[in-house]
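K.L.:
Sharing a structure, written as structure tokens. Questions coming.
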Amino acid sequence: MANPVVALWRIPEVKSKILFTLMCLLIYRIGAHITAPWINVPALREYAGQLQGTAFGIYDMFVGGGLSRATVFALGIMPYISASIMFQLLAAVVPSVEKMQKEGEDGRKKLTQYTRYATVVLAIFQAYGFAMFIETQVPAAVTNPGFPFRLTMILTLTTGAVFIMWLGEQITDRGIGNGMSLLIFFGIVESLPSALYETGRLVGLGQVNIFAIFVLIAMMLATIAGTVAVTMAARKIPVQIPQKVMGRGRIRQGQKSFIPLRINMAGVMPIIFAQSIMIVPATLRQFTQAEWARTAAGWFALNTIPYYVAFTVLIVFFTYFYTAIIYNPVDIAENLKKQGAFVPGVKPGARTAEYIDSVMSRISLPGALFLAAIALIPSAVLSAFGVATLSRVLGGTGLLIVVGVALDTVQQMQQHLLLRRYDGFMKKGRVKFRGRQQRYI
């Protein structure tokens, strides 16, 4: 069998898509190292090192460290992601947004346009909040504080966020893979070389045992394998499509198909939502010296029993919550009924919707528990062995995003290869048609 990587480069269309994607990612990484005006980067990075367990640290992970360096792309793709999630949640409670989702291509274009407008608004507010944060909390990081600095930061960071949004859309339309996901992917992976260097330095100093490194490598390989398996795993519900007379003597033969229900239907979103709540006590602790804030931060500190229990409960809750939003069994049952299809042994309509919902509820629990294990175990083990620097890439959230995006991109490349082989078969093969042929006038 030919090497698939070589085969991809031999296809002109795919080669141009790959080169275009790499060029866009290179532009993104260059901009992620250009510092905004009037910023003292060493002072800001020194303070950012104290905020790893707060909202600042989580956000900084998704933008590849751009926030701690105050680059022109410091906001990254997160304003667009936040706007997209906001409209997904609104679709469950606002009928007009739900209607746009079901209107096909026209509705999708309207929703995309509204998402862009919301991205600009969110970017403006986030840029202003970031400017005020570093001006008040890290005065040494701002060389020229005041209104000009705030206005400059708002214009710079908002422009950067809008440009990244456009860059991600260009990758999706003209490149390989999902542009938004790839930008987050490379933002996370970008910190891997520096984390490996720091780990090697700790090994050289004798602070980390060599045996611990081999144990971590084995654990990471097992974690990645488990993540791939659960990401691809699905419960297949059989569907029977009966024979149907189409007209003019044509008959559509009965078919057997299935509905794939993924075990991890919600993806990484439950972990993100759970982290957004779990980091609230540590974030409040940075802004107030009140006794209640210190107590709450102590109760839900990293690597403590209350933290593990609360984090697991939140992940399970948000797994069911987000799955219920993005997957509607009633719509699936109605579509099957319109096509004349049915699940064997289940009455079409409401009973089919109830059956699909019950199956989804059962398989979501192991998926949620797996997400909790992936989110907690690697980070806890890395901290126990004294190599917490790798937790940004090899921790739960980062690992799930990296593996999920890599699988999606590989699948798209395989589809291009299959399409190429199918075209070659249609051009070279001899296909004979028998029977009565329909004439088009």
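Identifiers for the structure tokens are assigned positionally: chains receive A, B, ... in sequence, residues are indexed from 1 per chain, and ligands are indexed from 1 in the order shown.
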What are the closest atom pairs, with distances in Å to one decimal, for each residue of stretch 188-305 of chain A lying within 12 Å of stretch 23-36 of chain A, using only C-alpha atoms, rows by chain and rising residue number, as JSON lines?
P.N.:
{"residue": "A:Ile188", "atom": "CA", "partner": "A:Arg29", "partner_atom": "CA", "distance": 11.4}
{"residue": "A:Val189", "atom": "CA", "partner": "A:Arg29", "partner_atom": "CA", "distance": 11.2}
{"residue": "A:Glu190", "atom": "CA", "partner": "A:Arg29", "partner_atom": "CA", "distance": 8.5}
{"residue": "A:Ser191", "atom": "CA", "partner": "A:Arg29", "partner_atom": "CA", "distance": 11.5}
K.L.:
Mind pulling up the distance from atom CA of A:Met219 to atom CA of A:Gln411?
P.N.:
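Going from atom CA of A:Gln411 over to atom CA of A:Met219, I get 25.5 Å.
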K.L.:
Give me every helix (DSSP H, G or I) residue in stretch 100-333 of chain A, going by DSSP on the backbone, as a VMD selection string.
P.N.:
chain A and resid 100 to 101 105 to 137 139 to 141 147 to 174 179 to 189 192 to 204 210 to 232 269 to 278 280 to 287 291 to 299 305 to 326 329 to 333
K.L.:
For a quick check of understanding, using only C-alpha atoms, which of A:Val228, A:Ala301, A:Ile377, A:Ala384 has the smallest distance to A:Asp408?
P.N.:
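Of the candidates, the smallest distance to A:Asp408 is held by A:Val228.
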K.L.:
Report the distance between atom CA of A:Ile176 and atom CA of A:Leu19 in Å, rounded to one decimal place.
P.N.:
9.2 Å
K.L.:
With distances taken over only C-alpha atoms, which of A:Gln207, A:Ser96, A:Thr231, A:Gln137 is nearest to A:Leu400?
P.N.:
A:Thr231
K.L.:
Could you check which of A:Leu90, A:Val6, A:Val330, A:Ile374 is closest to A:Tyr355, using only C-alpha atoms?
P.N.:
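Of the candidates, the smallest distance to A:Tyr355 is held by A:Val330.
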K.L.:
Got a sec: who's within 10 Å of A:Tyr327, counting only C-alpha atoms, leaving out chain neighbours fewer than 2 positions off, as a list in words?
P.N.:
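Selected residues are Leu261, Met265, Ala266, Tyr322, Thr323, Ala324, Ile325, Pro329, Val330, Asp331, Ile332, Asp357 and Met360 of chain A.
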K.L.:
Any chance you can output those residues with N, CA and C atoms as a short mmCIF file (atom, residue, chain, number, x, y, z; two decimals), in the first residue's frame?
P.N.:
data_model
loop_
_atom_site.label_atom_id
_atom_site.label_comp_id
_atom_site.auth_asym_id
_atom_site.auth_seq_id
_atom_site.Cartn_x
_atom_site.Cartn_y
_atom_site.Cartn_z
N LEU A 261 -24.59 6.94 17.77
CA LEU A 261 -24.63 7.80 18.94
C LEU A 261 -23.26 7.71 19.63
N MET A 265 -20.40 12.45 23.06
CA MET A 265 -21.09 13.36 22.17
C MET A 265 -20.76 14.82 22.46
N ALA A 266 -20.53 15.17 23.71
CA ALA A 266 -20.31 16.57 24.10
C ALA A 266 -18.89 17.03 23.87
N TYR A 322 -25.04 19.58 27.94
CA TYR A 322 -24.61 19.98 26.61
C TYR A 322 -25.09 18.98 25.55
N THR A 323 -25.13 17.70 25.89
CA THR A 323 -25.64 16.70 24.95
C THR A 323 -27.11 16.95 24.64
N ALA A 324 -27.89 17.33 25.66
CA ALA A 324 -29.31 17.62 25.44
C ALA A 324 -29.50 18.83 24.54
N ILE A 325 -28.53 19.76 24.55
CA ILE A 325 -28.66 20.96 23.72
C ILE A 325 -28.32 20.67 22.26
N PRO A 329 -33.39 14.19 20.20
CA PRO A 329 -33.99 12.93 19.73
C PRO A 329 -35.32 13.11 19.01
N VAL A 330 -36.06 14.15 19.35
CA VAL A 330 -37.36 14.38 18.71
C VAL A 330 -37.17 14.68 17.23
N ASP A 331 -36.18 15.51 16.89
CA ASP A 331 -35.91 15.82 15.49
C ASP A 331 -35.47 14.57 14.72
N ILE A 332 -34.64 13.75 15.36
CA ILE A 332 -34.20 12.51 14.71
C ILE A 332 -35.39 11.60 14.43
N ASP A 357 -33.52 8.72 23.31
CA ASP A 357 -33.13 9.50 24.48
C ASP A 357 -32.65 8.59 25.61
N MET A 360 -29.18 7.32 24.71
CA MET A 360 -28.20 8.41 24.88
C MET A 360 -27.91 8.67 26.35
#
K.L.:
Please compute the atom CA of A:Arg235-atom CA of A:Phe258 distance, one decimal, in Å.
P.N.:
9.4 Å
K.L.:
I want to know what sits within 10 Å of A:Thr156, based on only C-alpha atoms, with residues of the same chain fewer than 6 positions away left out; could you give that as a ChimeraX atom specification?
P.N.:
/A:36-37,71-74,124,127,150
